[in-house]
>>> print(open('target-v8.csv').read())   # CSV, C-alpha atoms
chain,number,residue,atom,x,y,z
A,80,MET,CA,-0.5,-39.5,9.2
A,81,PRO,CA,3.1,-40.0,7.8
A,82,PRO,CA,5.6,-41.0,10.6
A,83,ARG,CA,7.7,-37.9,9.9
A,84,HIS,CA,4.7,-35.7,10.9
A,85,HIS,CA,3.8,-37.6,14.0
A,86,PRO,CA,3.4,-35.2,17.0
A,87,LEU,CA,5.4,-37.5,19.3
A,88,LEU,CA,8.5,-37.4,17.0
A,89,PRO,CA,10.0,-34.1,18.4
A,90,PHE,CA,9.5,-35.4,21.9
A,91,VAL,CA,11.3,-38.7,21.1
A,92,ALA,CA,14.0,-36.8,19.2
A,93,ALA,CA,14.6,-34.6,22.3
A,94,LEU,CA,14.7,-37.6,24.6
A,95,ALA,CA,17.3,-39.2,22.3
A,96,GLY,CA,19.3,-36.0,22.2
A,97,VAL,CA,19.4,-35.8,26.0
A,98,SER,CA,20.6,-39.4,26.2
A,99,PHE,CA,23.4,-38.8,23.6
A,100,LEU,CA,24.5,-35.7,25.5
A,101,SER,CA,24.4,-37.5,28.9
A,102,LEU,CA,26.7,-40.2,27.5
A,103,MET,CA,28.9,-37.5,26.1
A,104,ASP,CA,29.2,-36.0,29.6
A,105,ALA,CA,30.5,-39.3,30.9
A,106,PHE,CA,33.1,-39.5,28.1
A,107,MET,CA,34.0,-35.8,28.7
A,108,LYS,CA,34.5,-36.4,32.4
A,109,GLU,CA,36.9,-39.2,31.6
A,110,ALA,CA,38.8,-37.0,29.1
A,111,ALA,CA,38.8,-33.9,31.5
A,112,LEU,CA,40.3,-36.0,34.3
A,113,LEU,CA,43.0,-37.1,31.9
A,114,ILE,CA,44.0,-33.9,30.2
A,115,GLY,CA,42.2,-31.1,32.0
A,116,ALA,CA,38.7,-29.6,31.4
A,117,TYR,CA,40.0,-26.8,29.1
A,118,THR,CA,41.9,-29.0,26.7
A,119,ALA,CA,39.2,-31.6,26.6
A,120,THR,CA,36.5,-29.0,25.9
A,121,VAL,CA,38.5,-27.3,23.0
A,122,LEU,CA,39.3,-30.7,21.4
A,123,ARG,CA,35.7,-31.9,21.7
A,124,ALA,CA,34.5,-28.7,19.9
A,125,PHE,CA,36.8,-29.1,17.0
A,126,ILE,CA,36.2,-32.8,16.7
A,127,GLY,CA,32.5,-32.1,16.5
A,128,ALA,CA,33.0,-29.4,13.9
A,129,ALA,CA,35.2,-31.6,11.8
A,130,LEU,CA,32.6,-34.4,11.9
A,131,ILE,CA,29.6,-32.2,11.0
A,132,ALA,CA,30.9,-29.4,8.8
A,133,PRO,CA,31.7,-31.6,5.7
A,134,VAL,CA,28.1,-32.9,5.8
A,135,TRP,CA,26.7,-29.4,6.0
A,136,LEU,CA,29.0,-28.1,3.2
A,137,SER,CA,28.2,-31.1,0.9
A,138,ARG,CA,24.6,-29.8,0.7
A,139,GLY,CA,25.8,-26.6,-0.9
A,140,PRO,CA,24.3,-24.3,1.7
A,141,ALA,CA,23.9,-20.6,1.4
A,142,MET,CA,25.9,-18.6,3.9
A,143,PRO,CA,23.8,-17.3,6.9
A,144,SER,CA,22.4,-13.8,6.8
A,145,ARG,CA,23.8,-11.2,9.1
A,146,ALA,CA,20.9,-11.7,11.6
A,147,VAL,CA,21.5,-15.5,11.6
A,148,TRP,CA,25.2,-15.0,12.0
A,149,LYS,CA,24.5,-12.9,15.1
A,150,LEU,CA,22.5,-15.8,16.6
A,151,HIS,CA,25.2,-18.3,15.8
A,152,LEU,CA,27.9,-16.1,17.3
A,153,THR,CA,25.9,-15.4,20.4
A,154,ARG,CA,25.1,-19.0,21.1
A,155,GLY,CA,28.7,-20.1,20.2
A,156,VAL,CA,30.2,-17.7,22.7
A,157,VAL,CA,27.7,-18.6,25.4
A,158,SER,CA,28.0,-22.3,24.8
A,159,ALA,CA,31.8,-22.2,24.9
A,160,PHE,CA,32.0,-21.0,28.4
A,161,MET,CA,28.9,-22.9,29.5
A,162,ALA,CA,30.6,-26.1,28.4
A,163,LEU,CA,34.0,-25.2,29.9
A,164,THR,CA,32.5,-24.4,33.4
A,165,PHE,CA,30.3,-27.5,33.3
A,166,PHE,CA,33.0,-29.9,32.3
A,167,PHE,CA,35.3,-28.4,34.9
A,168,SER,CA,32.6,-29.1,37.5
A,169,LEU,CA,32.4,-32.7,36.4
A,170,THR,CA,36.1,-33.2,37.5
A,171,LEU,CA,35.1,-32.1,41.0
A,172,LEU,CA,31.5,-33.6,41.4
A,173,PRO,CA,29.8,-36.9,40.8
A,174,LEU,CA,28.1,-37.0,37.4
A,175,ALA,CA,24.5,-37.4,38.7
A,176,GLU,CA,24.9,-34.7,41.3
A,177,ALA,CA,26.2,-32.2,38.7
A,178,ILE,CA,23.3,-33.0,36.3
A,179,ALA,CA,20.9,-32.6,39.2
A,180,LEU,CA,22.2,-29.1,40.1
A,181,SER,CA,22.2,-28.1,36.5
A,182,PHE,CA,18.4,-28.5,36.4
A,183,ILE,CA,18.1,-25.1,38.0
A,184,ALA,CA,18.8,-23.6,34.6
A,185,PRO,CA,15.1,-23.5,33.4
A,186,LEU,CA,14.3,-21.7,36.6
A,187,ILE,CA,17.0,-19.1,36.0
A,188,ALA,CA,15.7,-18.8,32.5
A,189,LEU,CA,12.4,-17.5,33.8
A,190,TYR,CA,14.0,-14.5,35.4
A,191,LEU,CA,16.3,-13.9,32.4
A,192,ALA,CA,13.1,-13.9,30.3
A,193,ARG,CA,11.7,-11.2,32.6
A,194,VAL,CA,14.8,-9.1,32.4
A,195,LEU,CA,15.6,-9.6,28.6
A,196,LEU,CA,12.1,-10.1,27.2
A,197,GLY,CA,9.9,-8.3,29.6
A,198,GLU,CA,7.9,-11.4,30.4
A,199,VAL,CA,5.7,-11.5,33.5
A,200,ILE,CA,6.8,-13.9,36.3
A,201,SER,CA,3.8,-15.7,37.6
A,202,ARG,CA,3.1,-16.9,41.1
A,203,ALA,CA,3.7,-20.4,39.9
A,204,ALA,CA,7.2,-19.4,38.7
A,205,ILE,CA,8.0,-17.9,42.0
A,206,GLY,CA,6.9,-21.0,43.8
A,207,ALA,CA,8.9,-23.0,41.3
A,208,SER,CA,12.0,-21.0,42.1
A,209,VAL,CA,11.5,-21.6,45.9
A,210,LEU,CA,11.3,-25.4,45.2
A,211,GLY,CA,14.4,-25.3,43.0
A,212,PHE,CA,16.4,-23.3,45.6
A,213,ALA,CA,15.3,-25.8,48.3
A,214,GLY,CA,16.4,-28.7,46.1
A,215,THR,CA,19.8,-27.1,45.7
A,216,LEU,CA,20.1,-26.6,49.4
A,217,VAL,CA,19.2,-30.3,50.0
A,218,ILE,CA,21.9,-31.5,47.6
A,219,VAL,CA,24.6,-29.2,48.9
A,220,GLY,CA,23.5,-29.8,52.5
A,221,GLY,CA,23.8,-33.5,52.0
A,222,ARG,CA,27.4,-33.1,51.1
A,223,ILE,CA,28.0,-30.9,54.1
A,224,GLY,CA,26.3,-33.4,56.4
A,225,GLN,CA,28.5,-36.2,55.1
A,226,GLY,CA,31.6,-34.0,55.5
A,227,LYS,CA,32.3,-34.0,51.8
A,228,PHE,CA,31.8,-30.3,51.0
A,229,ASP,CA,35.5,-29.4,50.8
A,230,GLU,CA,37.2,-26.7,48.8
A,231,GLY,CA,37.0,-28.7,45.6
A,232,ALA,CA,33.3,-29.4,46.0
A,233,ALA,CA,32.6,-25.8,46.6
A,234,LEU,CA,34.5,-24.8,43.5
A,235,GLY,CA,32.6,-27.4,41.5
A,236,VAL,CA,29.3,-26.2,42.7
A,237,ALA,CA,30.2,-22.5,41.9
A,238,SER,CA,31.4,-23.5,38.5
A,239,LEU,CA,28.2,-25.4,37.9
A,240,PHE,CA,26.1,-22.4,38.8
A,241,VAL,CA,27.9,-20.3,36.3
A,242,SER,CA,27.3,-22.9,33.7
A,243,ALA,CA,23.6,-23.1,34.6
A,244,LEU,CA,23.3,-19.3,34.3
A,245,LEU,CA,24.8,-19.5,30.8
A,246,TYR,CA,22.6,-22.5,29.9
A,247,ALA,CA,19.5,-20.5,31.0
A,248,TYR,CA,20.4,-17.8,28.5
A,249,ASN,CA,21.0,-20.5,25.9
A,250,PHE,CA,17.4,-21.5,26.3
A,251,ILE,CA,16.3,-18.1,25.1
A,252,VAL,CA,18.6,-18.2,22.1
A,253,ILE,CA,18.1,-21.8,20.9
A,254,ARG,CA,14.4,-21.5,20.0
A,255,ARG,CA,15.0,-18.4,17.8
A,256,GLN,CA,18.1,-20.1,16.2
A,257,ALA,CA,16.2,-23.3,15.4
A,258,GLN,CA,13.5,-21.3,13.6
A,259,VAL,CA,16.0,-19.7,11.1
A,260,ALA,CA,18.6,-22.3,10.5
A,261,GLY,CA,18.7,-26.1,9.9
A,262,PRO,CA,20.1,-28.6,12.4
A,263,LEU,CA,23.3,-29.2,10.3
A,264,GLU,CA,24.1,-25.5,10.2
A,265,ILE,CA,23.4,-25.0,13.8
A,266,ALA,CA,25.6,-28.0,14.9
A,267,THR,CA,28.4,-26.8,12.6
A,268,PHE,CA,28.5,-23.2,13.9
A,269,HIS,CA,27.8,-24.3,17.5
A,270,SER,CA,31.0,-26.5,17.6
A,271,GLY,CA,33.2,-24.3,15.4
A,272,ILE,CA,32.5,-21.0,17.0
A,273,GLY,CA,32.7,-22.5,20.5
A,274,GLY,CA,36.1,-24.0,19.8
A,275,LEU,CA,37.5,-20.8,18.3
A,276,VAL,CA,36.4,-18.7,21.2
A,277,LEU,CA,38.0,-21.1,23.7
A,278,LEU,CA,41.2,-21.3,21.7
A,279,THR,CA,42.0,-17.7,22.6
A,280,LEU,CA,42.7,-19.0,26.2
A,281,ALA,CA,45.2,-21.6,25.0
A,282,PRO,CA,48.4,-19.7,26.1
A,283,LEU,CA,47.0,-19.8,29.6
A,284,LEU,CA,45.2,-23.1,29.9
A,285,TRP,CA,46.4,-25.6,27.3
A,286,GLU,CA,47.7,-29.0,28.4
A,287,THR,CA,49.4,-31.4,25.9
A,288,PRO,CA,46.9,-34.2,25.5
A,289,SER,CA,47.8,-37.8,26.1
A,290,GLY,CA,46.9,-40.7,23.8
A,291,ASP,CA,44.6,-42.2,26.4
A,292,ALA,CA,42.2,-39.3,26.0
A,293,LEU,CA,41.7,-39.8,22.2
A,294,VAL,CA,38.9,-42.5,22.4
A,295,PRO,CA,36.7,-40.6,24.9
A,296,LEU,CA,37.3,-37.4,23.0
A,297,LEU,CA,36.2,-38.9,19.7
A,298,ALA,CA,33.2,-40.5,21.3
A,299,ALA,CA,32.3,-37.2,23.0
A,300,GLY,CA,32.6,-35.3,19.7
A,301,ALA,CA,30.4,-37.8,17.8
A,302,LEU,CA,27.8,-37.8,20.6
A,303,THR,CA,27.8,-34.0,20.7
A,304,VAL,CA,26.9,-33.8,17.0
A,305,ALA,CA,24.2,-36.5,17.4
A,306,GLY,CA,22.7,-34.8,20.4
A,307,SER,CA,22.8,-31.3,18.9
A,308,LEU,CA,21.2,-32.5,15.7
A,309,ALA,CA,18.4,-34.4,17.5
A,310,ILE,CA,17.6,-31.4,19.8
A,311,ALA,CA,17.8,-28.8,17.1
A,312,TRP,CA,15.5,-30.9,14.9
A,313,ALA,CA,13.0,-31.3,17.8
A,314,TYR,CA,13.0,-27.6,18.8
A,315,ALA,CA,12.3,-26.6,15.2
A,316,ARG,CA,9.1,-28.7,15.3
A,317,ALA,CA,7.7,-28.3,18.8
A,318,GLU,CA,7.3,-25.5,21.5
A,319,ALA,CA,10.1,-25.2,24.0
A,320,ASN,CA,7.7,-25.7,27.0
A,321,VAL,CA,6.8,-29.1,25.5
A,322,LEU,CA,10.4,-30.2,25.1
A,323,VAL,CA,12.2,-28.7,28.2
A,324,PRO,CA,10.9,-31.5,30.5
A,325,THR,CA,12.8,-34.0,28.5
A,326,GLU,CA,16.0,-32.5,30.0
A,327,TYR,CA,15.1,-34.2,33.3
A,328,SER,CA,15.6,-37.6,31.8
A,329,GLY,CA,19.3,-36.7,31.9
A,330,PHE,CA,19.4,-37.4,35.6
A,331,VAL,CA,18.5,-41.1,35.0
A,332,TRP,CA,21.2,-41.4,32.3
A,333,ALA,CA,23.8,-39.6,34.5
A,334,SER,CA,23.1,-41.9,37.4
A,335,LEU,CA,23.5,-44.9,35.2
A,336,PHE,CA,26.7,-43.7,33.4
A,337,GLY,CA,28.2,-42.3,36.7
A,338,TRP,CA,27.8,-45.8,38.2
A,339,LEU,CA,29.1,-47.7,35.1
A,340,PHE,CA,32.0,-45.4,34.3
A,341,PHE,CA,33.1,-44.1,37.7
A,342,HIS,CA,31.4,-46.3,40.4
A,343,GLU,CA,29.5,-43.2,41.7
A,344,ALA,CA,26.6,-44.0,44.1
A,345,VAL,CA,23.6,-41.7,44.0
A,346,THR,CA,22.9,-40.4,47.5
A,347,VAL,CA,19.5,-39.9,49.2
A,348,PRO,CA,20.0,-36.1,49.4
A,349,THR,CA,20.8,-36.0,45.7
A,350,LEU,CA,17.6,-37.9,44.9
A,351,ALA,CA,15.5,-35.7,47.2
A,352,GLY,CA,17.0,-32.5,45.9
A,353,THR,CA,16.5,-33.6,42.3
A,354,ALA,CA,12.9,-34.3,43.0
A,355,LEU,CA,12.4,-30.8,44.4
A,356,ILE,CA,14.2,-29.1,41.5
A,357,ILE,CA,12.3,-31.1,38.9
A,358,GLY,CA,9.0,-30.4,40.7
A,359,GLY,CA,9.8,-26.7,40.6
A,360,CYS,CA,10.6,-26.9,36.8
A,361,TRP,CA,7.3,-28.8,36.2
A,362,LEU,CA,5.4,-26.2,38.1
A,363,ALA,CA,7.0,-23.4,36.1
A,364,THR,CA,6.5,-24.9,32.7
A,365,ARG,CA,3.0,-26.4,32.9
A,366,PRO,CA,0.4,-24.6,30.9
A,367,ALA,CA,-1.9,-22.2,32.8
A,368,ARG,CA,-5.5,-23.4,33.2
A,369,PRO,CA,-8.0,-21.5,31.2
A,370,ALA,CA,-10.2,-19.2,33.2
A,371,PRO,CA,-13.7,-20.6,33.9
A,372,VAL,CA,-16.5,-19.2,31.7
A,373,ALA,CA,-19.2,-17.5,33.7
A,374,ALA,CA,-22.7,-18.9,33.2
A,375,SER,CA,-25.0,-16.6,31.4
>>> encode(input="target-v8.csv", output="structure tokens")
Amino acid sequence: MPPRHHPLLPFVAALAGVSFLSLMDAFMKEAALLIGAYTATVLRAFIGAALIAPVWLSRGPAMPSRAVWKLHLTRGVVSAFMALTFFFSLTLLPLAEAIALSFIAPLIALYLARVLLGEVISRAAIGASVLGFAGTLVIVGGRIGQGKFDEGAALGVASLFVSALLYAYNFIVIRRQAQVAGPLEIATFHSGIGGLVLLTLAPLLWETPSGDALVPLLAAGALTVAGSLAIAWAYARAEANVLVPTEYSGFVWASLFGWLFFHEAVTVPTLAGTALIIGGCWLATRPARPAPVAAS
């Protein structure tokens, strides 16, 4: 079997994509602390588009159809505010803690699929939601118990929940998008549309960037492109329920990068809450067992 057709390649590509995006989160946290989450998010989007658009255009692509344009626009708008709220939360919460809380997105996606697609919510999914909610309470409760749940932390958690809700909807869009457009096209429109959408808020939120933020922003833009390409390539070649668990490797990377970049320790409540949330996500995404065949 040629290596390009190996069934493990999409899984490996998704893992690599998560690691790229986790490192991007660390660089974005540094940039957001320097120049504000809004300015950092806008500049990251345009840097990413500037890096990937020439590559896509050099291939002489056909312009997307109206249906594909609709998917690009939908994901671009959703991703713009998903990114803004997430990077804002990073300025208020430790990196590993923010990533851990963001893992509730797959559980939220179950209920969005019920509302938007009419899918049935199984008993396992309900149990998974209970575990995920319990994990969230453990993480937040750990902060309260340590006397660290101040106004800033509360705002960070609220912002993160908004981001998780948008990310859950993103799960529904990305699979359809990956089936009708190539990774280069997806990455180009994802960054470009997201940046243009956020730019409309510039009169209210723009801060003049400092030179110190240039290096982390360039790194974040390059890592965004690399991560988006890897994940889009993977989702075009494997089912979402196979690849979604790779998202949880992000906690390991976030713990490492949070410690290396910002000297952030991972607390016991964060570890315990993460285990509950991941357990819930595993319960929700594992395939159902086939019904036993009655003996004749």
>>> atom_distance(input="target-v8.csv", atom1="atom CA of A:Gly155", atom2="atom CA of A:Ala247")
14.2 Å
>>> atom_distance(input="target-v8.csv", atom1="atom CA of A:Leu244", atom2="atom CA of A:Ile183")
8.6 Å
>>> residues_near_point(input="target-v8.csv", point="(42.7, -31.5, 36.1)", cutoff="12 Å", atoms="all atoms listed in the file", output="PyMOL selection string")
chain A and resi 108-119+166-171+231+284-286+288
>>> closest_residue(input="target-v8.csv", among="A:Leu174, A:Ser242, A:Ala129, A:Val259", to="A:Arg145", atoms="all atoms listed in the file")
A:Val259
>>> residues_around(input="target-v8.csv", residues="stretch 329-343 of chain A", least_positions_apart="6", cutoff="6 Å", atoms="all atoms listed in the file", output="NGL selection string")
:A and (97 or 101 or 174-175 or 178)
>>> atom_distance(input="target-v8.csv", atom1="atom CA of A:Ala128", atom2="atom CA of A:Ser270")
5.1 Å
>>> residues_around(input="target-v8.csv", residues="stretch 295-305 of chain A", least_positions_apart="6", cutoff="8 Å", atoms="all atoms listed in the file", output="list of chain:residue names")
A:Gly96, A:Phe99, A:Leu100, A:Leu102, A:Met103, A:Asp104, A:Phe106, A:Met107, A:Glu109, A:Ala110, A:Ala119, A:Leu122, A:Arg123, A:Ala124, A:Phe125, A:Ile126, A:Gly127, A:Leu130, A:Ile131, A:Ala266
>>> closest_residue(input="target-v8.csv", among="A:Pro262, A:Gly306, A:Pro282, A:Pro348", to="A:Gly221", atoms="only C-alpha atoms")
A:Pro348
>>> closest_residue(input="target-v8.csv", among="A:Thr120, A:Trp312, A:Glu176, A:Leu322", to="A:Ala162", atoms="only C-alpha atoms")
A:Thr120
>>> residues_around(input="target-v8.csv", residues="A:Ala317", least_positions_apart="2", cutoff="10 Å", atoms="all atoms listed in the file", output="list in words")
Pro86, Leu87, Leu88, Pro89, Phe90, Ala93, Arg254, Trp312, Ala313, Tyr314, Ala315, Ala319, Asn320, Val321 and Leu322 of chain A
>>> closest_residue(input="target-v8.csv", among="A:Val91, A:Pro143, A:Trp135, A:Val209", to="A:Gln256", atoms="only C-alpha atoms")
A:Pro143
>>> closest_residue(input="target-v8.csv", among="A:Ala354, A:Leu180, A:Leu245, A:Leu278", to="A:Met161", atoms="only C-alpha atoms")
A:Leu245
>>> closest_residue(input="target-v8.csv", among="A:Ala179, A:Leu308, A:Leu163, A:Leu191", to="A:Phe268", atoms="all atoms listed in the file")
A:Leu308
